[in-house]
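Next comes structure-v6.txt, with compact mmCIF, C-alpha atoms.
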```txt
# COMPACT_ATOMS: atom_id res chain seq x y z
CA MET A 1 66.37 34.66 28.56
CA ILE A 2 67.28 32.42 25.63
CA ILE A 3 70.13 29.88 25.70
CA LYS A 4 71.43 28.34 22.48
CA GLY A 5 74.14 26.07 21.15
CA ALA A 6 74.43 23.36 23.82
CA ASN A 7 73.53 19.69 24.01
CA VAL A 8 70.86 19.62 26.70
CA PHE A 9 70.03 16.61 28.89
CA ILE A 10 66.27 16.18 28.50
CA GLY A 11 64.61 13.15 30.05
CA GLU A 12 66.88 10.25 29.12
CA GLU A 13 69.17 11.77 26.49
CA PHE A 14 71.06 14.78 25.18
CA LYS A 15 69.37 16.94 22.54
CA ASN A 16 70.59 19.99 20.65
CA ILE A 17 67.81 22.37 21.61
CA ASP A 18 67.34 25.92 22.85
CA LEU A 19 66.15 26.86 26.32
CA GLU A 20 63.81 29.69 27.19
CA ILE A 21 63.75 30.86 30.81
CA ASN A 22 61.03 33.03 32.29
CA ASN A 23 60.82 34.20 35.90
CA GLY A 24 63.36 31.63 37.07
CA ARG A 25 61.65 28.66 35.42
CA PHE A 26 62.06 26.74 32.19
CA GLY A 27 59.77 27.86 29.38
CA LYS A 28 60.02 26.62 25.81
CA LEU A 29 62.45 23.75 25.18
CA GLU A 30 62.76 23.32 21.44
CA GLU A 31 64.95 23.82 18.38
CA ASN A 32 65.48 27.34 17.04
CA ILE A 33 63.38 29.30 19.48
CA GLN A 34 62.37 32.57 17.83
CA GLY A 35 61.28 35.73 19.55
CA LYS A 36 61.91 39.40 20.14
CA ASP A 37 64.86 38.63 22.42
CA LEU A 38 66.75 37.25 19.43
CA ILE A 39 66.80 40.63 17.70
CA ASP A 40 69.82 41.46 19.84
CA PHE A 41 71.43 38.22 20.90
CA ASP A 42 74.40 40.10 22.30
CA ASN A 43 72.05 41.17 25.08
CA SER A 44 73.52 39.95 28.39
CA GLU A 45 70.26 38.14 29.11
CA ASN A 46 71.03 35.60 26.39
CA TYR A 47 73.80 33.03 26.08
CA ILE A 48 75.39 30.83 23.43
CA PHE A 49 77.13 27.71 24.78
CA GLU A 50 78.47 25.97 21.69
CA ASN A 51 80.12 22.57 22.14
CA CYS A 52 78.90 22.43 25.73
CA LEU A 53 76.67 20.13 27.75
CA ILE A 54 73.80 21.37 29.88
CA LEU A 55 72.76 19.13 32.79
CA PRO A 56 69.96 19.61 35.34
CA GLY A 57 71.13 21.06 38.63
CA LEU A 58 72.16 18.27 40.98
CA VAL A 59 70.07 17.15 43.98
CA ASP A 60 72.03 15.94 47.03
CA ILE A 61 69.71 14.44 49.65
CA HIS A 62 72.51 13.45 52.06
CA THR A 63 75.28 15.94 52.81
CA HIS A 64 76.68 17.04 56.18
CA GLY A 65 78.83 19.98 55.19
CA ALA A 66 81.64 21.51 53.17
CA ILE A 67 84.44 24.13 53.16
CA GLY A 68 85.09 23.74 56.88
CA PHE A 69 81.48 23.89 58.08
CA ASP A 70 79.18 21.20 59.49
CA PHE A 71 75.38 21.54 59.56
CA CYS A 72 75.53 20.32 63.17
CA ASP A 73 77.04 23.61 64.33
CA ALA A 74 77.17 25.98 61.34
CA SER A 75 76.03 29.56 61.82
CA SER A 76 73.69 31.31 59.37
CA ASP A 77 76.71 33.05 57.84
CA ASP A 78 78.47 29.69 57.49
CA MET A 79 75.41 28.27 55.75
CA SER A 80 75.35 31.18 53.32
CA LYS A 81 78.97 30.40 52.36
CA MET A 82 78.12 26.69 52.09
CA ALA A 83 75.16 27.45 49.83
CA GLU A 84 77.41 29.37 47.45
CA PHE A 85 79.95 26.53 47.41
CA TYR A 86 77.28 23.88 46.75
CA ILE A 87 75.77 25.84 43.87
CA ASN A 88 79.12 26.59 42.24
CA SER A 89 79.91 22.85 42.53
CA GLY A 90 76.73 21.98 40.62
CA THR A 91 74.51 21.07 43.57
CA THR A 92 71.58 23.46 43.22
CA SER A 93 69.30 21.57 45.63
CA LEU A 94 70.17 19.69 48.82
CA LEU A 95 68.99 18.44 52.18
CA PRO A 96 71.26 19.74 54.97
CA THR A 97 71.94 16.56 56.94
CA ILE A 98 72.48 16.38 60.69
CA VAL A 99 74.25 13.38 62.23
CA THR A 100 73.01 12.07 65.58
CA THR A 101 73.55 14.88 68.06
CA SER A 102 72.40 16.07 71.47
CA GLU A 103 68.91 17.32 72.26
CA GLU A 104 70.32 20.79 72.87
CA GLU A 105 72.09 20.88 69.50
CA TYR A 106 68.93 19.75 67.67
CA GLU A 107 67.08 22.60 69.39
CA VAL A 108 69.64 25.10 68.09
CA GLN A 109 70.51 23.78 64.64
CA ILE A 110 67.14 22.74 63.25
CA PRO A 111 65.68 26.27 63.62
CA LYS A 112 68.95 27.74 62.30
CA ILE A 113 68.73 25.67 59.12
CA LEU A 114 65.08 26.67 58.73
CA GLU A 115 66.14 30.34 58.80
CA ASN A 116 68.25 29.66 55.70
CA ILE A 117 65.57 27.96 53.62
CA ASP A 118 64.01 30.32 51.08
CA LYS A 119 63.21 30.46 47.37
CA THR A 120 66.76 31.41 46.41
CA SER A 121 68.49 28.91 48.68
CA PRO A 122 69.60 25.42 47.57
CA PHE A 123 68.30 24.06 50.90
CA LEU A 124 65.11 21.99 50.48
CA GLY A 125 64.47 20.91 54.07
CA ILE A 126 66.30 18.77 56.61
CA ASN A 127 67.62 15.22 56.63
CA LEU A 128 67.98 13.75 60.14
CA GLU A 129 70.46 10.85 60.02
CA GLY A 130 69.50 9.46 63.41
CA PRO A 131 69.10 9.61 66.37
CA PHE A 132 67.13 6.32 66.24
CA ILE A 133 69.87 4.07 64.90
CA SER A 134 71.78 0.95 65.98
CA LYS A 135 74.72 1.47 68.31
CA GLY A 136 76.27 -1.60 66.71
CA LYS A 137 76.30 0.18 63.33
CA LYS A 138 76.85 3.71 64.53
CA GLY A 139 79.58 4.47 62.00
CA ALA A 140 80.76 8.04 62.62
CA HIS A 141 77.88 8.92 64.97
CA ASN A 142 78.54 9.74 68.61
CA GLU A 143 77.22 6.76 70.59
CA LYS A 144 76.27 8.89 73.60
CA ASN A 145 73.61 10.66 71.50
CA ILE A 146 72.06 7.54 69.93
CA ARG A 147 68.57 6.82 71.28
CA ASP A 148 66.02 4.07 71.36
CA ILE A 149 62.92 5.15 69.47
CA ASP A 150 61.14 7.59 71.75
CA MET A 151 57.93 8.82 70.16
CA SER A 152 57.75 11.94 72.30
CA PHE A 153 61.24 12.92 71.10
CA ALA A 154 60.34 12.07 67.50
CA LYS A 155 57.37 14.43 67.78
CA LYS A 156 59.62 17.10 69.29
CA LEU A 157 62.03 16.85 66.35
CA TYR A 158 59.15 17.09 63.90
CA ASP A 159 57.74 20.13 65.67
CA LEU A 160 61.16 21.79 65.70
CA GLY A 161 61.33 21.23 61.94
CA LYS A 162 58.04 23.03 61.27
CA ASN A 163 57.10 20.58 58.50
CA GLN A 164 60.57 20.86 56.91
CA ILE A 165 61.95 17.50 58.09
CA ARG A 166 61.94 15.59 54.81
CA LEU A 167 63.96 12.48 55.61
CA MET A 168 65.02 10.51 58.68
CA THR A 169 67.36 7.52 58.86
CA ALA A 170 66.25 4.88 61.39
CA ALA A 171 67.04 1.23 62.18
CA PRO A 172 64.10 -1.15 61.52
CA GLU A 173 65.08 -3.59 64.29
CA LEU A 174 64.51 -1.05 67.05
CA GLU A 175 61.48 -1.30 69.32
CA ASN A 176 58.75 1.19 68.34
CA PHE A 177 59.98 1.34 64.72
CA ASN A 178 56.43 0.59 63.51
CA GLU A 179 55.11 3.48 65.60
CA LEU A 180 57.73 5.80 64.12
CA VAL A 181 56.76 4.81 60.57
CA ASN A 182 53.08 5.31 61.31
CA PHE A 183 53.80 8.73 62.81
CA SER A 184 55.94 9.74 59.83
CA LYS A 185 53.21 9.17 57.23
CA ASN A 186 52.26 12.43 55.48
CA LYS A 187 54.99 14.17 57.52
CA PHE A 188 58.43 12.92 56.46
CA LEU A 189 60.09 9.92 54.80
CA ILE A 190 61.94 7.13 56.60
CA SER A 191 65.15 5.66 55.21
CA MET A 192 66.61 2.42 56.58
CA GLY A 193 70.21 2.75 57.68
CA HIS A 194 72.82 2.42 60.44
CA THR A 195 71.18 -0.88 61.19
CA ASN A 196 71.74 -4.52 62.16
CA CYS A 197 68.32 -5.54 60.84
CA ASN A 198 67.74 -8.90 59.18
CA ILE A 199 65.81 -9.36 55.98
CA ASP A 200 62.51 -10.03 57.76
CA GLU A 201 62.78 -6.79 59.72
CA ALA A 202 63.61 -4.97 56.48
CA ARG A 203 60.64 -6.58 54.74
CA ASN A 204 58.37 -5.46 57.56
CA ALA A 205 59.54 -1.87 57.07
CA ILE A 206 59.02 -2.13 53.31
CA ASN A 207 55.53 -3.56 53.79
CA MET A 208 54.76 -0.52 55.97
CA GLY A 209 55.74 1.78 53.12
CA VAL A 210 59.42 2.54 53.75
CA ARG A 211 61.08 2.89 50.35
CA SER A 212 64.63 4.19 50.88
CA VAL A 213 68.00 2.94 52.13
CA SER A 214 70.75 5.23 53.43
CA HIS A 215 74.24 4.79 51.91
CA LEU A 216 73.76 1.17 50.83
CA PHE A 217 76.42 -1.30 52.10
CA ASN A 218 77.79 1.17 54.64
CA ALA A 219 76.78 0.94 58.32
CA MET A 220 74.67 -2.19 57.87
CA GLU A 221 75.03 -5.96 58.20
CA PRO A 222 76.94 -7.46 55.23
CA MET A 223 74.94 -9.73 52.93
CA HIS A 224 75.37 -13.50 53.19
CA HIS A 225 73.65 -15.66 50.57
CA ARG A 226 71.66 -17.47 53.30
CA LYS A 227 71.25 -14.41 55.54
CA PRO A 228 70.60 -11.60 53.09
CA SER A 229 70.08 -8.74 55.62
CA LEU A 230 68.91 -5.31 54.49
CA ILE A 231 71.16 -5.51 51.45
CA GLY A 232 69.25 -8.55 50.23
CA ALA A 233 65.96 -6.68 50.64
CA THR A 234 67.28 -3.85 48.46
CA LEU A 235 67.90 -6.37 45.69
CA GLU A 236 64.47 -7.97 46.18
CA PHE A 237 62.34 -4.82 46.27
CA PRO A 238 62.23 -1.58 44.23
CA LEU A 239 63.76 0.73 46.84
CA TYR A 240 65.66 3.97 46.43
CA LYS A 241 69.28 3.08 47.11
CA GLU A 242 71.76 5.77 48.18
CA LEU A 243 75.33 5.21 46.99
CA ILE A 244 78.49 7.07 47.93
CA CYS A 245 80.39 6.94 44.64
CA ASP A 246 83.90 7.99 45.63
CA GLY A 247 85.80 4.77 45.02
CA ILE A 248 86.29 4.39 48.79
CA HIS A 249 82.91 3.52 50.32
CA ILE A 250 81.93 0.91 47.69
CA HIS A 251 84.12 -1.15 45.37
CA ASP A 252 83.77 -0.19 41.71
CA ALA A 253 82.76 -3.75 40.80
CA ILE A 254 79.69 -3.42 43.03
CA LEU A 255 78.79 -0.05 41.50
CA LYS A 256 79.04 -1.53 38.00
CA GLY A 257 76.87 -4.49 38.98
CA LEU A 258 74.18 -2.28 40.49
CA TYR A 259 74.02 -0.10 37.39
CA ARG A 260 73.53 -3.19 35.23
CA GLY A 261 70.26 -4.02 36.94
CA TYR A 262 69.01 -1.18 39.16
CA SER A 263 69.87 2.08 37.42
CA GLU A 264 66.37 3.55 37.90
CA GLU A 265 66.59 3.15 41.70
CA LEU A 266 70.11 4.40 42.39
CA ILE A 267 70.83 7.76 44.03
CA ILE A 268 74.29 9.28 44.23
CA VAL A 269 74.79 11.08 47.54
CA SER A 270 77.93 12.93 48.53
CA ASP A 271 77.65 12.23 52.29
CA SER A 272 80.19 15.04 52.34
CA ILE A 273 81.64 16.39 55.58
CA SER A 274 83.22 19.74 56.40
CA ALA A 275 86.45 18.67 54.65
CA CYS A 276 84.72 18.76 51.25
CA GLY A 277 86.41 21.40 49.13
CA LEU A 278 89.45 21.69 51.44
CA GLY A 279 91.57 18.52 51.32
CA ASP A 280 93.65 16.62 53.85
CA GLY A 281 93.67 17.65 57.50
CA SER A 282 91.77 17.40 60.80
CA TYR A 283 88.05 18.17 60.98
CA LEU A 284 84.94 17.61 63.09
CA LEU A 285 81.74 15.71 62.26
CA GLY A 286 79.00 16.04 64.84
CA GLY A 287 81.67 16.79 67.44
CA LEU A 288 83.85 13.76 66.59
CA GLU A 289 87.40 14.21 65.35
CA VAL A 290 87.95 13.18 61.74
CA GLU A 291 91.26 12.84 59.93
CA VAL A 292 91.37 13.17 56.14
CA LYS A 293 94.28 11.66 54.23
CA ASN A 294 94.36 10.98 50.48
CA LYS A 295 90.64 11.86 50.27
CA LYS A 296 89.68 9.23 52.87
CA ALA A 297 87.98 10.53 56.02
CA THR A 298 88.22 8.38 59.16
CA LEU A 299 87.72 8.51 62.90
CA LYS A 300 90.68 7.69 65.16
CA ASP A 301 89.64 4.00 65.17
CA GLY A 302 89.69 3.84 61.37
CA THR A 303 85.91 4.05 60.85
CA ILE A 304 85.07 5.78 57.56
CA ALA A 305 83.45 9.13 58.34
CA GLY A 306 81.65 10.44 55.27
CA SER A 307 83.31 11.69 52.11
CA VAL A 308 85.18 14.75 50.89
CA ASN A 309 83.60 14.67 47.43
CA THR A 310 80.92 16.80 45.83
CA LEU A 311 77.99 15.21 44.05
CA PHE A 312 79.50 16.18 40.70
CA ASP A 313 82.64 14.27 41.72
CA GLY A 314 80.38 11.23 42.11
CA ILE A 315 79.13 11.59 38.55
CA LYS A 316 82.68 11.85 37.25
CA HIS A 317 83.77 8.78 39.19
CA LEU A 318 80.95 6.69 37.73
CA VAL A 319 81.78 7.82 34.19
CA LYS A 320 85.45 7.02 34.83
CA ILE A 321 84.61 3.39 35.68
CA GLY A 322 82.39 2.96 32.63
CA ILE A 323 78.87 3.90 33.74
CA LYS A 324 76.87 5.73 31.08
CA LEU A 325 76.88 9.48 31.64
CA GLU A 326 73.10 9.52 31.18
CA ASP A 327 72.59 7.01 34.01
CA ALA A 328 74.98 8.87 36.30
CA ILE A 329 73.17 12.16 35.68
CA LYS A 330 69.76 10.65 36.48
CA SER A 331 71.16 9.26 39.75
CA ALA A 332 72.10 12.78 40.83
CA THR A 333 69.05 14.64 39.54
CA ILE A 334 65.61 13.22 38.78
CA ILE A 335 65.87 10.05 40.87
CA PRO A 336 66.77 11.81 44.15
CA ALA A 337 64.11 14.41 43.36
CA LYS A 338 61.54 11.62 42.99
CA SER A 339 62.72 9.96 46.20
CA ILE A 340 61.67 13.04 48.22
CA ASN A 341 58.55 13.75 46.12
CA MET A 342 59.94 16.91 44.53
CA GLU A 343 60.21 15.85 40.89
CA ASN A 344 57.60 18.45 39.90
CA GLN A 345 59.92 21.25 41.09
CA ILE A 346 63.52 20.16 40.54
CA GLY A 347 65.69 17.42 39.09
CA SER A 348 65.12 17.79 35.37
CA ILE A 349 65.03 20.29 32.54
CA LYS A 350 61.32 20.51 31.90
CA THR A 351 58.88 23.32 31.19
CA GLY A 352 57.61 24.82 34.43
CA LEU A 353 60.36 23.49 36.69
CA LYS A 354 62.99 25.64 38.40
CA ALA A 355 65.66 26.75 35.93
CA ASP A 356 68.54 25.12 37.81
CA PHE A 357 71.23 23.78 35.49
CA ILE A 358 74.95 23.22 34.93
CA VAL A 359 76.95 24.18 31.86
CA CYS A 360 80.05 22.03 31.39
CA ASP A 361 82.44 21.04 28.66
CA LYS A 362 82.58 17.58 27.15
CA ASN A 363 85.25 16.57 29.67
CA LEU A 364 82.81 17.34 32.51
CA ASN A 365 84.53 20.49 33.68
CA ILE A 366 81.94 22.88 35.11
CA LEU A 367 81.93 26.20 33.26
CA CYS A 368 79.06 27.89 35.10
CA VAL A 369 75.90 27.11 37.05
CA PHE A 370 72.44 28.68 36.92
CA LYS A 371 70.13 28.75 39.93
CA ASN A 372 66.53 29.91 39.42
CA GLY A 373 67.58 31.13 36.00
CA LYS A 374 70.40 33.32 37.34
CA LYS A 375 74.04 32.70 36.44
CA PHE A 376 76.45 32.15 39.35
```
For this file, write the structure as structure tokens.
Amino acid sequence: MIIKGANVFIGEEFKNIDLEINNGRFGKLEENIQGKDLIDFDNSENYIFENCLILPGLVDIHTHGAIGFDFCDASSDDMSKMAEFYINSGTTSLLPTIVTTSEEEYEVQIPKILENIDKTSPFLGINLEGPFISKGKKGAHNEKNIRDIDMSFAKKLYDLGKNQIRLMTAAPELENFNELVNFSKNKFLISMGHTNCNIDEARNAINMGVRSVSHLFNAMEPMHHRKPSLIGATLEFPLYKELICDGIHIHDAILKGLYRGYSEELIIVSDSISACGLGDGSYLLGGLEVEVKNKKATLKDGTIAGSVNTLFDGIKHLVKIGIKLEDAIKSATIIPAKSINMENQIGSIKTGLKADFIVCDKNLNILCVFKNGKKF
């Protein structure tokens, strides 16, 4: 397959080049690719996308659901429908994310997600947001399922995941946190979040090799200039910083400030719930009732409960407030791919990587999406 005519996001910038795709992966990436396929460019295997932009497929490492389904209780058929929605929305790779839930639900849902991970699926593995988090910063997690760090249960979760648990959110102040980090090495990554930790506890985690923070600013102690908390540690150290860029979870002034100084460390996550793609109404997140009104999802007590946006919506919001499109794209592609050690497979348009990409117009309206070189 040859694709011509578009401005393609390569590395750090847009270039007017052609794309060659072989066996679902990017081949040549250069100007005026010549070859036998061009003898008949009307062949359906080839495309011309003049006056269009081509972006890498988006990588969402933190998403709980969409179109009425939640990864905490979705069936295999539900997940198939979710996969189609994610891909058509530009998210060609993602980590199905489970909020803190019961032992019985972990036993059911982790294997069910594994059944839906294959070469054609957008699912990369599993993100466990909890259960080892602070009850004081539980956010939209059901307190009855939150646990102290229990290494036998951590091992059970890992075994259930059959080496497909890629990320786990945990609170650094909890007893046995060091043991959890040591156990996780060469198995899965730890992200600090839903935590009351102070800066010294955060520094300890960082010194042990933890390098990520879940939805920065949300479900953590606010930063004071004399008591910097985890937020202060994220400014002090080169950590991957998840951001929910919907104009609700974080003030735009903060987003602008972060992009002035930390653009290479910022990751857009959707943190989407089952309401994503549907609109206002009543929904469930990990068994808790959520009300969505004017795109804001909350529990009955007013606690924000995830977002209703796609990852592509996050890119558009950043561009709307003045962030460079190139920086926004990197935050939703190569940087999240790097954060989970998958940059050699996904996250950029590069020879040998999966041919996952988005075709959109210059107003950032998605025209079509390709997954593994196949048009959706």
- Name all residues at most 10 Å from A:Ile268 (count only C-alpha atoms; drop same-chain ones fewer than 4 positions away) and give them as an NGL selection string. :A and (58-62 or 215 or 241-246 or 311-312 or 314-315 or 318 or 328-333 or 335-336)
List as a tab-separated table every residue of stretch 216-300 of chain A that is in contact with stretch 149-173 of chain A, defined as an atom at most 12 Å from one of its atoms (using all atoms listed in the file), together with the nearest atom pair and the distance in Å rounded to one decimal, sorted by chain and then rising number.
```
residue	atom	partner	partner_atom	distance
A:Ala219	CA	A:Ala171	CA	10.5
A:Met220	CA	A:Ala171	CA	9.4
A:Glu221	CA	A:Ala171	CA	11.5
A:Ser229	CA	A:Glu173	CA	11.3
A:Leu230	CA	A:Pro172	CA	9.5
A:Glu242	CA	A:Thr169	CA	11.7
```
Distance table requested - stretch 80-156 of chain A against stretch 275-285 of chain A, cut-off 12 Å, only C-alpha atoms: one row per qualifying residue with the closest atom pair and its distance in Å to one decimal, ordered by chain and rising residue number, as JSON lines.
```
{"residue": "A:Met82", "atom": "CA", "partner": "A:Gly277", "partner_atom": "CA", "distance": 10.3}
{"residue": "A:Phe85", "atom": "CA", "partner": "A:Gly277", "partner_atom": "CA", "distance": 8.4}
{"residue": "A:Tyr86", "atom": "CA", "partner": "A:Gly277", "partner_atom": "CA", "distance": 9.8}
{"residue": "A:Asn88", "atom": "CA", "partner": "A:Gly277", "partner_atom": "CA", "distance": 11.3}
{"residue": "A:Ser89", "atom": "CA", "partner": "A:Gly277", "partner_atom": "CA", "distance": 9.4}
{"residue": "A:Thr97", "atom": "CA", "partner": "A:Leu285", "partner_atom": "CA", "distance": 11.2}
{"residue": "A:Ile98", "atom": "CA", "partner": "A:Leu285", "partner_atom": "CA", "distance": 9.4}
{"residue": "A:Val99", "atom": "CA", "partner": "A:Leu285", "partner_atom": "CA", "distance": 7.8}
{"residue": "A:Thr100", "atom": "CA", "partner": "A:Leu285", "partner_atom": "CA", "distance": 10.0}
{"residue": "A:Thr101", "atom": "CA", "partner": "A:Leu285", "partner_atom": "CA", "distance": 10.1}
{"residue": "A:Gly139", "atom": "CA", "partner": "A:Leu285", "partner_atom": "CA", "distance": 11.4}
{"residue": "A:Ala140", "atom": "CA", "partner": "A:Leu285", "partner_atom": "CA", "distance": 7.7}
{"residue": "A:His141", "atom": "CA", "partner": "A:Leu285", "partner_atom": "CA", "distance": 8.3}
{"residue": "A:Asn142", "atom": "CA", "partner": "A:Leu285", "partner_atom": "CA", "distance": 9.3}
```
- Residue nearest A:Ala337 - candidates A:Asp200, A:Asp252, A:Ile67, A:Val269, atoms counted: all atoms listed in the file: A:Val269
Can you sort out the box for stretch 258-277 of chain A, edges along x, y and z, all listed atoms in, 8 Å on every side, with centre and edge lengths in Å to one decimal, as AutoDock Vina command-line options?
```
--center_x 76.4 --center_y 8.7 --center_z 45.8 --size_x 36.1 --size_y 41.4 --size_z 37.2
```
- Shortest contact to A:Arg25, candidates A:Leu239, A:Val210, A:Ile231, A:Ile2, atoms counted all atoms listed in the file, goes to A:Ile2
- So which one's closest to A:Val108, A:Glu326, A:Glu289, A:Asp73, A:Asp78? Using only C-alpha atoms, please. A:Asp73
- Nearest to A:Ser121 among A:Ser274, A:Gly306, A:Asn372, A:Lys144, with distances taken over all atoms listed in the file: which residue is it?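 That would be A:Asn372, the residue with the smallest distance to A:Ser121.
Shortest atom-to-atom contact with A:Ile346 among A:Ile199, A:Ile334, A:Cys52, A:Leu325: A:Ile334, counting only C-alpha atoms.
What separates atom CA of A:Asn32 from atom CA of A:Lys4 is a distance of 8.1 Å.
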- Residue list as a list of chain:residue names for point (62.4, 16.6, 31.8), cut-off 9 Å, all atoms listed in the file: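 Output of the proximity query reads A:Phe9, A:Ile10, A:Gly11, A:Glu12, A:Pro56, A:Ile334, A:Gly347, A:Ser348, A:Ile349, A:Lys350, A:Thr351, A:Leu353.
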